[in-house]
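Below: one structure, written as structure tokens.
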Amino acid sequence: MSGRSGPLLAIGQFPPPVHGFSAVTEAMADVLEQQGEVQRVNLAPLSSRVGLQEASRILRCLIAMFALVVARLRGARQAYIPCEGGRGLLFTLALARVARALGYEVTCHHHSYAYINAPSRLMWRLTRPPLDQMRHVFLSSDMRAAFEARYGPTARASVISNAAFVSPATGVVAVPREGARLRLGLLSNLSAEKGAVTLLDLVEHLHAMGISVEADLAGPVADEDFARVLRAHPAVSEGRARLLRPVYGAAKSSFFEGIDIFVFATRYLNEAEPMVVFEAMAHGVTVVARDRGTIRSQIAGIGHLVPPEADFCSSFSEWLGGRRTPADFDRATVHAAFRDRHATAVRALRLFCHQTMPPTVQAEDRAHG
């Protein structure tokens with residue numbers, strides 16, 4: 001194993017832009033790089049304009065195929081390809097087939113429930129010869145079971161939660177946020193399908209019930225038309241909700257420290273195991289989310305799950321009951337539960353990396369020196 005030559009090719013969308021899919025791809029490449037040489041091949045579109053976006057993705061896919069050929073000549077044998085949803089699955093299939101034809105061992109990392117919730121001919125082809133021996137990485141045991149129920153058993157599979165890539169925040173204690181008013185929050189690419197309007201509706205619903213509540217929504221807005229919709233909503237125009245810019249680093253931590261409940265009323269088709277839910281839990285924030293993807297296993301025993309077709313506002317207010325102030329939410333318990341999940345996920349990640357890319361002599365020297 002120590003004589004392995006050639007890099008591992010990590011082929012996927014890398015930031016920018018920053019979203020859950022690209023963030024995990026980069027984080028996985030970083031971890032694998034601790035084991036040995038990793039060559040990153042970026043599939044992220046070069047432009048957000050519809051026509052240029054598609055053309056740039058095709059170009060980058062062709063470049064990735066060329067990179068597979070060149071790296072194979074250098075002795076590379078491993079290809080890590082995060083699996084896309086929707087039309088992007090076509091790129092995953094094309095790259096996986098080229099990699100297998102060249103003799104690579106291929107690992108496919110699943111981040112979408114779109115092809116699990118509904119059958120996909122492209123995914124069916126991705127699980128049949130010559131790709132049937134490909135290794136799969138799922139985000140939870142539930143995700144693996146649902147995938148195999150639709151497409152059949154996988155020959156080789158690992159379960160690695162995205163919790164592995166979110167570190168527990170430091171300094172989270174039992175003392176709740178100060179103040180009497182309950183503050184809800186959402187951090188996301190703000191869109192209707194990610195639950196932005198639903199959160200504003202929830203603020204108005206609770207306000208009408210006489211509950212003292214406010215909300216912070218942080219992140220980029222889908223487009224200017226939707227931004228106008230948000231600004232015109234009574235919760236915003238009357239000062240009960242604030243629209244904040246994207247937050248990173250210390251500003252992101254401050255955002256989570258300033259809210260009591262993270263509200264994630266997503267209806268996003270590809271939703272799987274959103275990183276931002278773990279980020280909220282890592283700061284001790286209680287999560288209330290719609291049952292999509294593998295969110296059920298993310299917040300099991302900690303937060304509150306709203307059934308997919310239930311009225312979100314009614315379900316939330318029923319769950320809220322008499323808990324009306326920040327003091328009613330135990331941040332330390334949520335933080336401790338996430339810390340345990342993070343540790344379990346990190347162990348699974350380390351095992352996967354060692355099996356996929358056993359450390360070279362040089363990597364072992366770095367680890368001990």
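Letters A, B, ... go to the chains of the structure tokens in the order shown; residues in each chain start at 1; ligands are counted from 1 in the same order.
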Could you give me, as JSON lines, a per-residue list for stretch 91-201 of chain A showing, wherever an atom lies at most 12 Å from an atom of stretch 236-252 of chain A, the closest pair of atoms and their distance in Å to one decimal, using only C-alpha atoms and sorting by chain then residue number from low to high?
```
{"residue": "A:Ala169", "atom": "CA", "partner": "A:Ala250", "partner_atom": "CA", "distance": 10.9}
{"residue": "A:Arg181", "atom": "CA", "partner": "A:Arg240", "partner_atom": "CA", "distance": 10.8}
{"residue": "A:Leu182", "atom": "CA", "partner": "A:Arg240", "partner_atom": "CA", "distance": 11.0}
{"residue": "A:Arg183", "atom": "CA", "partner": "A:Ala241", "partner_atom": "CA", "distance": 9.2}
{"residue": "A:Leu184", "atom": "CA", "partner": "A:Ala241", "partner_atom": "CA", "distance": 9.0}
{"residue": "A:Gly185", "atom": "CA", "partner": "A:Ala241", "partner_atom": "CA", "distance": 9.3}
{"residue": "A:Leu186", "atom": "CA", "partner": "A:Leu243", "partner_atom": "CA", "distance": 9.9}
{"residue": "A:Leu187", "atom": "CA", "partner": "A:Pro246", "partner_atom": "CA", "distance": 8.0}
{"residue": "A:Ser188", "atom": "CA", "partner": "A:Pro246", "partner_atom": "CA", "distance": 8.3}
{"residue": "A:Asn189", "atom": "CA", "partner": "A:Pro246", "partner_atom": "CA", "distance": 8.5}
{"residue": "A:Leu190", "atom": "CA", "partner": "A:Leu243", "partner_atom": "CA", "distance": 9.6}
{"residue": "A:Ala196", "atom": "CA", "partner": "A:Leu243", "partner_atom": "CA", "distance": 10.1}
{"residue": "A:Val197", "atom": "CA", "partner": "A:Val236", "partner_atom": "CA", "distance": 10.6}
{"residue": "A:Leu199", "atom": "CA", "partner": "A:Ala241", "partner_atom": "CA", "distance": 9.4}
{"residue": "A:Leu200", "atom": "CA", "partner": "A:Ala241", "partner_atom": "CA", "distance": 7.2}
{"residue": "A:Asp201", "atom": "CA", "partner": "A:Val236", "partner_atom": "CA", "distance": 10.4}
```
Exercise for the section: Determine which residues of stretch 107-354 of chain A DSSP labels as strand (DSSP E) from the backbone of this structure, then write them out as a ChimeraX atom specification. Expected result: /A:107-110,135-138,156-159,182-187,213-218,241-244,261-264,286-290,304-306
Could the residues in this selection be written to a file with C-alpha atoms, as a PDB file, in the first residue's frame?
```pdb
ATOM      1  CA  THR A 107     -16.676   6.050  -5.096  1.00  0.00           C
ATOM      2  CA  CYS A 108     -20.040   7.786  -5.489  1.00  0.00           C
ATOM      3  CA  HIS A 109     -21.064  10.101  -2.613  1.00  0.00           C
ATOM      4  CA  HIS A 110     -24.827  10.683  -2.451  1.00  0.00           C
ATOM      5  CA  ARG A 135     -18.572   2.058  -3.819  1.00  0.00           C
ATOM      6  CA  HIS A 136     -21.411   4.215  -2.456  1.00  0.00           C
ATOM      7  CA  VAL A 137     -21.355   6.675   0.439  1.00  0.00           C
ATOM      8  CA  PHE A 138     -24.706   7.481   2.055  1.00  0.00           C
ATOM      9  CA  ARG A 156     -20.025  -1.843  -1.196  1.00  0.00           C
ATOM     10  CA  ALA A 157     -21.347   1.021   0.893  1.00  0.00           C
ATOM     11  CA  SER A 158     -20.375   3.321   3.728  1.00  0.00           C
ATOM     12  CA  VAL A 159     -22.561   5.569   5.883  1.00  0.00           C
ATOM     13  CA  LEU A 182     -38.540  34.323  21.302  1.00  0.00           C
ATOM     14  CA  ARG A 183     -36.298  34.595  18.239  1.00  0.00           C
ATOM     15  CA  LEU A 184     -36.567  32.234  15.283  1.00  0.00           C
ATOM     16  CA  GLY A 185     -33.937  31.942  12.563  1.00  0.00           C
ATOM     17  CA  LEU A 186     -33.201  30.633   9.089  1.00  0.00           C
ATOM     18  CA  LEU A 187     -29.792  30.552   7.412  1.00  0.00           C
ATOM     19  CA  VAL A 213     -41.648  36.583  18.570  1.00  0.00           C
ATOM     20  CA  GLU A 214     -39.195  37.832  15.983  1.00  0.00           C
ATOM     21  CA  ALA A 215     -37.084  36.237  13.262  1.00  0.00           C
ATOM     22  CA  ASP A 216     -33.754  36.637  11.491  1.00  0.00           C
ATOM     23  CA  LEU A 217     -33.302  35.341   7.936  1.00  0.00           C
ATOM     24  CA  ALA A 218     -29.711  35.279   6.683  1.00  0.00           C
ATOM     25  CA  ALA A 241     -38.430  39.893  10.974  1.00  0.00           C
ATOM     26  CA  ARG A 242     -35.063  41.016   9.638  1.00  0.00           C
ATOM     27  CA  LEU A 243     -33.464  40.122   6.305  1.00  0.00           C
ATOM     28  CA  LEU A 244     -29.721  39.771   6.836  1.00  0.00           C
ATOM     29  CA  ILE A 261     -35.130  27.952  17.323  1.00  0.00           C
ATOM     30  CA  PHE A 262     -33.824  27.181  13.864  1.00  0.00           C
ATOM     31  CA  VAL A 263     -36.807  26.837  11.523  1.00  0.00           C
ATOM     32  CA  PHE A 264     -36.225  24.814   8.358  1.00  0.00           C
ATOM     33  CA  THR A 286     -33.219  23.594  18.831  1.00  0.00           C
ATOM     34  CA  VAL A 287     -34.292  22.698  15.275  1.00  0.00           C
ATOM     35  CA  VAL A 288     -37.828  22.454  13.924  1.00  0.00           C
ATOM     36  CA  ALA A 289     -37.811  21.132  10.361  1.00  0.00           C
ATOM     37  CA  ARG A 290     -40.014  19.601   7.729  1.00  0.00           C
ATOM     38  CA  HIS A 304     -39.182  18.596  16.213  1.00  0.00           C
ATOM     39  CA  LEU A 305     -40.125  17.053  12.877  1.00  0.00           C
ATOM     40  CA  VAL A 306     -43.098  18.406  10.911  1.00  0.00           C
TER      41      VAL A 306
END
```
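Residues in contact with A:Glu84 at 8 Å, where only C-alpha atoms are counted and same-chain residues fewer than 4 positions away are skipped, are listed as Gly88, Leu89, Phe91, Thr92, His110, His111 and Ser112 of chain A.
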Export, as an mmCIF file, in the first residue's frame, the selected residues with C-alpha atoms.
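Here's the written file out.cif:
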```
data_model
loop_
_atom_site.group_PDB
_atom_site.id
_atom_site.type_symbol
_atom_site.label_atom_id
_atom_site.label_comp_id
_atom_site.auth_asym_id
_atom_site.auth_seq_id
_atom_site.Cartn_x
_atom_site.Cartn_y
_atom_site.Cartn_z
ATOM 1 C CA GLY A 88 -26.578 16.988 -13.051
ATOM 2 C CA LEU A 89 -26.829 13.224 -12.615
ATOM 3 C CA PHE A 91 -22.500 14.326 -15.602
ATOM 4 C CA THR A 92 -22.046 11.890 -12.712
ATOM 5 C CA HIS A 110 -24.827 10.683 -2.451
ATOM 6 C CA HIS A 111 -26.171 14.130 -1.519
ATOM 7 C CA SER A 112 -29.641 14.158 -3.098
#
```
Practice task
Name the residues of stretch 143-308 of chain A that fall into alpha helix (DSSP H) according to DSSP on the backbone, using the chain letters and numbers of this document, as a ChimeraX atom specification.
Solution key: /A:143-151,196-208,224-232,234-237,249-257,275-282,295-298
Practice task
Using atom CA of A:Pro17 and atom CA of A:Ala272 as the two end points, give the distance in Å to one decimal.
Solution key: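 If I compute the distance from atom CA of A:Pro17 to atom CA of A:Ala272, I get 18.7 Å.
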Practice task
For A:Gly152, please output as a ChimeraX atom specification all residues within 10 Å (counting only C-alpha atoms; exclusion window: fewer than 6 positions along the same chain).
Solution key: /A:124,127-128,145-146
Problem - Residue neighbourhood A:Pro45, 12 Å, only C-alpha atoms, exclusion window fewer than 3 positions, as a list in words - result: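 Non-adjacent residues within range: Gly12, Gln13, Phe14, Pro15, Pro16, Pro17, Ser22, Asn42, Ser48, Arg49, Val50, Gly51, Leu52, Gln53, Glu54, Ala55, Ser56, Arg57, Ile58, Leu59, Arg60, Cys61 and Gly88 of chain A.
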Practice task
May I ask which of the residues A:Ala336, A:Ile211, A:Met275, A:Met65 is the closest one to A:Phe21, counting only C-alpha atoms?
Solution key: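 With only C-alpha atoms as the atom set, the closest residue is A:Met275.
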Handout entry: Between atom CA of A:Gly301 and atom CA of A:Gly219, distance in Å (one decimal)
Key =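 Straight-line distance from atom CA of A:Gly301 to atom CA of A:Gly219 works out to 27.9 Å.
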